Structure formats: C-alpha cells, structure tokens
Amino acid sequence: MKKIDPLATTITKTICPLCSFGCEFGVVFDDFGVKGVEYLKDGSSGGRLCPRGSAAAFYLNHPRRLSMPMKNGKAVDWSKVLKELKKVIEKPQNVAITFDRNITLEEYMAIVGFCKAVGIENIASTYFEPETFLKTFLNTPFAIDEINDAEVIIVLGDPFNQAPMSSKELINWKLSNRKNRLVVIDSINTHTAGFASDFLKVVVGTEPLLLFALAQENIGGIDIPATTGVVASVINDISKSFKEAQNGFIFASLPFGHTYDPLLVTEGLSRLSNFSGKKVVPFVEFSGFDGNQHFGSIMNLAKKKKIKHLINFGELFPFYYPQVFKSMKALNIYATSTMKYNGFTTLPVALNLEKAGTVITTFGKKNLSGNIKPASGARTVNEILTLFKEDYAEGAPLKAPKFKINVKERAAKVVEKSKIKKKKIFTLVGEKIAFNFLAFFEDEKVKMNPLDAVELGIKPNDTVSVRSKHRNIDLCAKLTGDVSRGVVAVPAETPAVKGLFDFEIDGVNNTINFIPTKVEIWRKG
Amino acid sequence: MAKRIILDLDLCCGCRSCEAACKAAFKGEARIRHGEITGEAYLPLACKHCKEPLCLAACPVDAITRDEETGLVTRSSFLCIGCKSCVHACPFGVIDAPLVRHVAQKCTLCKDREDGPRCVVACSSGALQFLSEEEIEQYEIGMRMVSKDLFFRRRS
C-alpha cells in the first residue's frame, strides 16, 4: 500500500491560460491534491502572477469539479449518455453545435471536422463576452515593449484589471517621461483611470460615440460632447495630439455589460486607428473562434423549432448566461462542463490548464503546456468527440458572416438609450476586477455613489437587493465616488451576477450583446 | 541583514495580486491587507516587523516573539489564545483575526520560502519590494510621487 507523506510536495510548471500574457507558474501538489501555487522567478513573467493566476490552480480539484456525466443533477454512466447522444446526431439537421471560449485551436478544428463528418450544418460560437468583437484586431501580434517609443496611448476600459500584467510596462512608460500622455476612456473611475493624464469619464455606454469624435467624424449631426459628457475642446485637443504623435497605441478592453453597442465600439476603434495611423491593441482573455453563423441565427432556428438539440463544447454556456438560455427552453441542451450545475446534461471536460494546445492571444499564438493531466473523470474535447465517432478529419477554420454596421442608425440608438433616466432606477454596468475572478477570493460587491446610498438609507457593507427584469440577487454595497449618480457597477464574474444583465439580439448581424441594464436597488432587512 | 517589504505607491495598480498570493498560500486567510482611500489610492498593508512591536508588548501569553538577528516578528499559533490584543495594538492595522478560527493571522515574510515573500514576487506592477535597510535608503521610493509629479496620483 502506498504510504502517504503529508509533507511531500511536487511542483509542476505550467502556463496560465487565463489571459494573453501566459505567465509561467508552478502548481504545488501534495498527496491530497493541489496545495498551492509557486511563483517561479525563472519563469517568463519573473514570478509575477495576477489574482486570477493565483486562483486558477485551485479549480483543478475544486469541490464542485464534475467527474461524472450528470443529467438533471443525477450522475449517469458515460455509456448511457453516449448512446443518447449518438441517437441525437443520427439526425444532424435537428442539431446545432456550439463552442465557447474555453477550447484550444486544435479542439476547434476537431469540432469543425467532426461536424463535417457527421453532417451538422449549424455551428456557432457561444462566447458572448464583448471582447469577442475585438478579435478583428488580433491579426498582427503585439509585443508589450513596443510601447516604449509611444508618446500618446489611448486606453478604452481598464486593462489593469483585464490583464494586470500590462500594468508594470504601462506605468513605467508613463513615469519615464512627463510628456507621455495616457488618455483613459471609461464610464467609471478604474485603477487604470487613476494613472491617466486625461481621464475622459463618459456617460454610461456612450464610449463608441467618443471614439468617433476623436476620429473627427460627424455622425448624423449627433451632439457628441453633450451625449458623452466630455467637453469638445478636450476631445479636439486629444484628437490633435494623438494624430500628431509619432508613435502611439489604442488599447481596448471591454468588460461584460459595459457598453450599449460593442460592435459600434469596434467600428469606432477602426475609424480612430485609420484617422491617426496608430495600432489597436485588444486586451482579450480569449480570442474565441467563429462558427458558420452567429448565435442569434441558432436562436431563431430554435424558436421556429427547426432544431431540437444543442451540444456545447467548452465550459460556460448555458450556465453563465441563464437569461439567454431562458429564451431557448424548447431546446434539449447537452454541455461539457468542469463544474457541477443542476439541470441539462453535462459531460466532464478538462480545464484549459490541463490541456496541451494553442490559443490565439494579443501577443500571437500561445502554447498551453499540458503538463498537468486532466482530473479524474474529465476528458478533453477530442476524446469526447472520438467517443461519438472514431474517424473524422480535422476541419478548416470557419468564417462567420461579416458584420454590417450602419453607424448613423446604431449611434442614434446609443443616444436614445443613454437618455432614458427614471427616478429610483439605476443603470447597472459590468466591470472587470481581477481579484473577483469567479468570486474565488471575494464575493462581488456592488459599487454605488454615496449620495444615492444616503437617499436609499444604505450604509457601507450593507446587504442590498438588486433586481433586474431577469432576476433578483443580494450583494454587499460598496459606496464610492468612482461611479456617477444613478449608476451602479458590479464585477460580472459569476452566473448569478451575469444573469442580471439584459441582452439584445442584433437584428442585422444576429450577435448577442449584453448591455448596461436598468435595475432597482433597496436595502435588505 | 533584516529585510522588509516596501511599497512604492507610484507603481501600485491596485490589482490585489499580493493579497491573492497570500490568500492562496494561507488557505484563504490573507496576512496582507488592502487599505483603500476611495478614489485616491490603494494600499497593500503588510506587517512592518517593527523594532519595538506593540503587538508583542500587548500579547498576554507571549505568543508573539521577535528574532533579534533577522528582525522577524512571529506568532506561535500554538500559544495564541485569540484575545485580539495584538489586533488592537497594531498601529498599522495589519493583523487580522478571522472569525472562524479565532487565531490572529500574522505575516511571517514567507519564511518557508527561499525567494522571499509571495506577495512581493507575485506583484504584477513591481510596486512591492523586499529590501534590506541599506537598500531601502538608496531606493527612490516616494521621490517620484512627492517631488517630481505632485499631481500624478489618482484624482477622484
């Protein structure tokens, strides 16, 4: 019998799969599982690791880790599920295959090849985070050292939380020369905004309009300074200095539920890039992959009852977007997952930390190490596909339909949405806080303006109820001037919080957009 | 030579990597705390390992001791009775007593680790440094903030 030595530990070197930087770190195992994380000074990041990296390893043997297929909350045998699924794919016209962000390039190719071999024609991505629109800017890899020669950098959002490893280079660049100008655009005061030479605090959701204004474009006579809340002289000054600067960059990070029209943001970034001749650098966690259609088309097919089954690869959908799933109740959903969730049929799948493969990032292609073996019971996507069908060839990457953007029409809609203000109704915006990663270290807190809190009798750290039209949850209140009056912000990390947000189906492109949402708030108890 | 954790406020980006590293190492009980001056600054607060520690003086059971050679102030979890005297005595508010175990948490500068404290190594922006007293005197900490660019820090 194997003797257990409680003090014996091994360190397995691996690469963090959670953002573009791909920091190297060690996972410390003892005889009972994951003991901790080791920060490797000889690693690619010199031991530096953000809160998400520190938490990532603990999901390897999380108490809720799925190790058996489950159907409606009950464990079932693999053979039983496979028999059911094989029957489902016998009629490929009734099936849609989707995948979310947690797959590698190799797994994506395998899924596409599998669909071709089986004859499934409806393939789409369920990666609904707004950063998925930024992948158009990932064509040319970027090295963080490139910023050393920059004179002006325009930052959209909060990269210090989206990718904290960017902070060292960006702060050092800012401190190295007093003339270096860091312009931050956001609707809430963030960590990145704290370091800005110019912080352009815009009205919630109106970021895209400001980008057009910085590109000196007139969209349908919209009064952009009045709509965004940024003075015209400031816009013109920044626009001029950005165009005249020899070197500069546009950094973009888009949190969940933060802006009314992420697609218009993408267009605004392109226009600003063309106007200034500067490169757009998206800080994305995952690039995501394309299907042959956008997810809205799958939803339409489901509504018309043209498809009956949906099989999702990855680990997020449908748990992370319950409001989207609600409108598709007629569908029979099978999903691979790493965690236990009641409802649906779930198959245990490997975490990205347990895979070898390629992912596409801001800095080009990144190879996952695969040094850690999948947890007991979990299988990789390729293994699961092989269980369905033994012989299939890898497919070629698919292309989703190109986006059609009517700027004037979309901009008018953004203006309309930004004007709706009702008493006692708040606008909920999502933000990215690295420390709140999946609420592992700390639960999400809702940020609100102290003046609003006084009116509602809310004190710091009170429990408040937040109700949107989708659900009602209790959160701890954090009072801060970082958010404007009438606005509340929350890190959208868990399904409970993500489930609060409204979504829209883009009627033209069939994409899913999560937008700032109207909510009611009151003190509990 | 005694070494200390030093915070360069100019570089701190408020990502709380330090707190996460500490929590991950000590089963969710961070020994580095995070102060926040709303809209102005984020302050990781680590134990200063004082030369004349008030927590040591306040401890009724001598659970806290100071190593004269390394300057390390440590707490024996075996002796600690969870009275929270040290929590109240610490002028920096860096000692915490979790409600579950009722035993005070105290930074040990990760003495189990050769490369120094985890919070310093993990720091994503390089704001935390682990320096000897000589090195601290040479380090230009605060210089940028105080003399070079008065308006650099966060503006609410």
# chains A, B, ... in the order shown; residues from 1 in each chain; ligands from 1
>>> closest_atom_pairs(of="chain A", to="chain B", cutoff="7 Å", atoms="only C-alpha atoms", output="tab-separated table")
residue	atom	partner	partner_atom	distance
A:Gly36	CA	B:Ala25	CA	5.8
A:Tyr39	CA	B:Ala122	CA	6.5
A:Gly47	CA	B:Val121	CA	5.5
A:Arg48	CA	B:Ala122	CA	4.0
A:Leu49	CA	B:Ala122	CA	4.8
A:Cys50	CA	B:Ser17	CA	4.8
A:Pro51	CA	B:Ser17	CA	4.6
A:Ser54	CA	B:Ala21	CA	5.9
A:Ala55	CA	B:Ala24	CA	6.8
A:Phe160	CA	B:Cys13	CA	6.7
A:Asn161	CA	B:Cys15	CA	6.2
A:Pro164	CA	B:Ser124	CA	6.2
A:Met165	CA	B:Ser124	CA	5.3
A:Ser167	CA	B:Ser125	CA	5.4
A:Lys168	CA	B:Ser125	CA	4.0
A:Ile171	CA	B:Leu11	CA	6.5
A:His191	CA	B:Cys13	CA	6.1
A:Gly194	CA	B:Arg154	CA	4.2
A:Phe195	CA	B:Arg154	CA	6.2
A:Ala434	CA	B:Cys15	CA	6.4
A:Phe435	CA	B:Arg16	CA	6.1
A:Phe441	CA	B:Ala20	CA	7.0
A:Thr480	CA	B:Thr38	CA	6.3
A:Gly481	CA	B:Gly39	CA	6.7
A:Asp482	CA	B:Gly39	CA	6.2
>>> atom_distance(atom1="CA of Asn461 (chain A)", atom2="CA of Gly430 (chain A)")
19.2 Å
>>> residues_around(residues="Ile505 (chain A)", least_positions_apart="2", cutoff="10 Å", atoms="only C-alpha atoms", output="PyMOL selection string")
chain A and resi 295-297+299+324+503+507-514
>>> atom_distance(atom1="CA of Thr361 (chain A)", atom2="CA of Asn436 (chain A)")
22.2 Å
>>> atom_distance(atom1="CA of Pro348 (chain A)", atom2="CA of Ala378 (chain A)")
4.7 Å
>>> residues_around(residues="region 66-76 of chain B", least_positions_apart="5", cutoff="7 Å", atoms="only C-alpha atoms", output="mmCIF file with C-alpha atoms, in the first residue's frame")
data_model
loop_
_atom_site.group_PDB
_atom_site.id
_atom_site.type_symbol
_atom_site.label_atom_id
_atom_site.label_comp_id
_atom_site.auth_asym_id
_atom_site.auth_seq_id
_atom_site.Cartn_x
_atom_site.Cartn_y
_atom_site.Cartn_z
ATOM 1 C CA MET B 1 20.602 41.580 7.304
ATOM 2 C CA ALA B 2 16.941 42.206 8.135
ATOM 3 C CA HIS B 49 8.112 43.824 11.621
ATOM 4 C CA LYS B 106 0.466 37.343 11.272
ATOM 5 C CA THR B 108 5.974 35.755 8.544
#
>>> select_by_dssp(residues="region 231-264 of chain A", states="alpha helix (DSSP H)", output="MDAnalysis selection string")
chainID A and resid 232:244 262:264
>>> write_last_selection(atoms="N, CA and C atoms", output="mmCIF file, in the first residue's frame")
data_model
loop_
_atom_site.group_PDB
_atom_site.id
_atom_site.type_symbol
_atom_site.label_atom_id
_atom_site.label_comp_id
_atom_site.auth_asym_id
_atom_site.auth_seq_id
_atom_site.Cartn_x
_atom_site.Cartn_y
_atom_site.Cartn_z
ATOM 1 N N ALA A 232 -15.979 69.517 -25.754
ATOM 2 C CA ALA A 232 -15.495 69.481 -27.141
ATOM 3 C C ALA A 232 -14.028 69.875 -27.254
ATOM 4 N N SER A 233 -13.591 70.866 -26.481
ATOM 5 C CA SER A 233 -12.194 71.312 -26.582
ATOM 6 C C SER A 233 -11.234 70.202 -26.145
ATOM 7 N N VAL A 234 -11.636 69.420 -25.144
ATOM 8 C CA VAL A 234 -10.791 68.301 -24.681
ATOM 9 C C VAL A 234 -10.705 67.246 -25.786
ATOM 10 N N ILE A 235 -11.851 66.961 -26.396
ATOM 11 C CA ILE A 235 -11.873 65.957 -27.479
ATOM 12 C C ILE A 235 -10.938 66.406 -28.609
ATOM 13 N N ASN A 236 -11.060 67.662 -29.016
ATOM 14 C CA ASN A 236 -10.247 68.162 -30.128
ATOM 15 C C ASN A 236 -8.765 68.157 -29.795
ATOM 16 N N ASP A 237 -8.438 68.540 -28.553
ATOM 17 C CA ASP A 237 -7.036 68.576 -28.127
ATOM 18 C C ASP A 237 -6.413 67.180 -28.172
ATOM 19 N N ILE A 238 -7.140 66.207 -27.614
ATOM 20 C CA ILE A 238 -6.604 64.836 -27.592
ATOM 21 C C ILE A 238 -6.518 64.283 -29.009
ATOM 22 N N SER A 239 -7.547 64.540 -29.795
ATOM 23 C CA SER A 239 -7.573 64.050 -31.173
ATOM 24 C C SER A 239 -6.356 64.578 -31.947
ATOM 25 N N LYS A 240 -6.081 65.883 -31.776
ATOM 26 C CA LYS A 240 -4.971 66.517 -32.490
ATOM 27 C C LYS A 240 -3.627 65.946 -32.033
ATOM 28 N N SER A 241 -3.443 65.871 -30.707
ATOM 29 C CA SER A 241 -2.140 65.397 -30.215
ATOM 30 C C SER A 241 -1.924 63.926 -30.546
ATOM 31 N N PHE A 242 -3.015 63.152 -30.603
ATOM 32 C CA PHE A 242 -2.877 61.728 -30.942
ATOM 33 C C PHE A 242 -2.481 61.553 -32.408
ATOM 34 N N LYS A 243 -3.072 62.366 -33.259
ATOM 35 C CA LYS A 243 -2.739 62.266 -34.697
ATOM 36 C C LYS A 243 -1.302 62.721 -34.958
ATOM 37 N N GLU A 244 -0.896 63.778 -34.229
ATOM 38 C CA GLU A 244 0.439 64.338 -34.460
ATOM 39 C C GLU A 244 1.555 63.506 -33.833
ATOM 40 N N PRO A 262 -21.146 47.032 -28.425
ATOM 41 C CA PRO A 262 -19.732 46.678 -28.604
ATOM 42 C C PRO A 262 -19.293 46.660 -30.068
ATOM 43 N N LEU A 263 -20.227 46.342 -30.953
ATOM 44 C CA LEU A 263 -19.870 46.307 -32.376
ATOM 45 C C LEU A 263 -19.553 47.719 -32.881
ATOM 46 N N LEU A 264 -20.305 48.695 -32.381
ATOM 47 C CA LEU A 264 -20.048 50.085 -32.759
ATOM 48 C C LEU A 264 -18.714 50.555 -32.151
#
>>> residues_around(residues="Thr358 (chain A)", least_positions_apart="3", cutoff="10 Å", atoms="only C-alpha atoms", output="compact mmCIF listing (two decimals) with N, CA and C atoms, in the first residue's frame")
# COMPACT_ATOMS: atom_id res chain seq x y z
N ILE A 103 -11.82 26.57 -25.40
CA ILE A 103 -11.32 25.49 -26.25
C ILE A 103 -10.04 25.98 -26.93
N THR A 104 -9.22 25.02 -27.29
CA THR A 104 -7.98 25.38 -28.00
C THR A 104 -8.22 25.36 -29.51
N LEU A 105 -7.24 25.87 -30.25
CA LEU A 105 -7.35 25.90 -31.71
C LEU A 105 -7.52 24.48 -32.26
N GLU A 106 -6.76 23.54 -31.69
CA GLU A 106 -6.82 22.15 -32.16
C GLU A 106 -8.20 21.56 -31.89
N GLU A 107 -8.76 21.89 -30.73
CA GLU A 107 -10.09 21.37 -30.40
C GLU A 107 -11.14 21.96 -31.34
N LYS A 355 -4.76 21.17 -20.52
CA LYS A 355 -4.71 20.81 -21.94
C LYS A 355 -3.36 21.20 -22.56
N THR A 361 -3.73 34.88 -28.88
CA THR A 361 -3.78 35.97 -27.91
C THR A 361 -3.30 37.28 -28.55
N LYS A 365 0.26 33.53 -31.15
CA LYS A 365 -0.20 32.21 -30.70
C LYS A 365 0.55 31.82 -29.43
N LYS A 366 -0.18 31.21 -28.50
CA LYS A 366 0.44 30.80 -27.24
C LYS A 366 0.18 29.31 -27.06
N ASN A 367 1.22 28.60 -26.65
CA ASN A 367 1.05 27.15 -26.46
C ASN A 367 0.79 26.82 -25.01
N LEU A 368 -0.28 26.07 -24.78
CA LEU A 368 -0.56 25.60 -23.42
C LEU A 368 0.32 24.39 -23.16
N SER A 369 0.79 24.26 -21.92
CA SER A 369 1.84 23.27 -21.64
C SER A 369 1.32 21.83 -21.61
>>> select_by_dssp(residues="region 405-436 of chain A", states="strand (DSSP E)", output="JSON, numbers by chain")
{"A": [426, 427, 428, 429, 430, 431]}
>>> residues_around(residues="Thr98 (chain A)", least_positions_apart="2", cutoff="9 Å", atoms="only C-alpha atoms", output="list in words")
Ala96, Asp100, Asn122, Ile123, Ala124, Ser125, Thr126, Gly291, Phe295, Leu310, Ile311, Asn312, Phe313, Gly314 and Phe317 of chain A
>>> write_last_selection(atoms="C-alpha atoms", output="PDB file, in the first residue's frame")
ATOM      1  CA  ALA A  96     -26.665  22.672 -33.561  1.00  0.00           C
ATOM      2  CA  ASP A 100     -17.470  28.842 -26.029  1.00  0.00           C
ATOM      3  CA  ASN A 122     -25.477  24.749 -37.711  1.00  0.00           C
ATOM      4  CA  ILE A 123     -22.283  25.792 -35.938  1.00  0.00           C
ATOM      5  CA  ALA A 124     -21.892  28.935 -33.827  1.00  0.00           C
ATOM      6  CA  SER A 125     -19.885  30.433 -31.010  1.00  0.00           C
ATOM      7  CA  THR A 126     -21.434  30.937 -27.552  1.00  0.00           C
ATOM      8  CA  GLY A 291     -18.827  29.307 -36.410  1.00  0.00           C
ATOM      9  CA  PHE A 295     -25.632  32.613 -32.312  1.00  0.00           C
ATOM     10  CA  LEU A 310     -27.801  21.828 -28.911  1.00  0.00           C
ATOM     11  CA  ILE A 311     -24.410  20.403 -27.979  1.00  0.00           C
ATOM     12  CA  ASN A 312     -21.958  22.913 -26.479  1.00  0.00           C
ATOM     13  CA  PHE A 313     -18.227  22.377 -26.097  1.00  0.00           C
ATOM     14  CA  GLY A 314     -16.317  24.458 -23.580  1.00  0.00           C
ATOM     15  CA  PHE A 317     -22.758  28.110 -21.852  1.00  0.00           C
TER      16      PHE A 317
END
>>> residues_around(residues="Phe78 (chain B)", least_positions_apart="3", cutoff="10 Å", atoms="only C-alpha atoms", output="PyMOL selection string")
chain B and resi 63+75+81+103
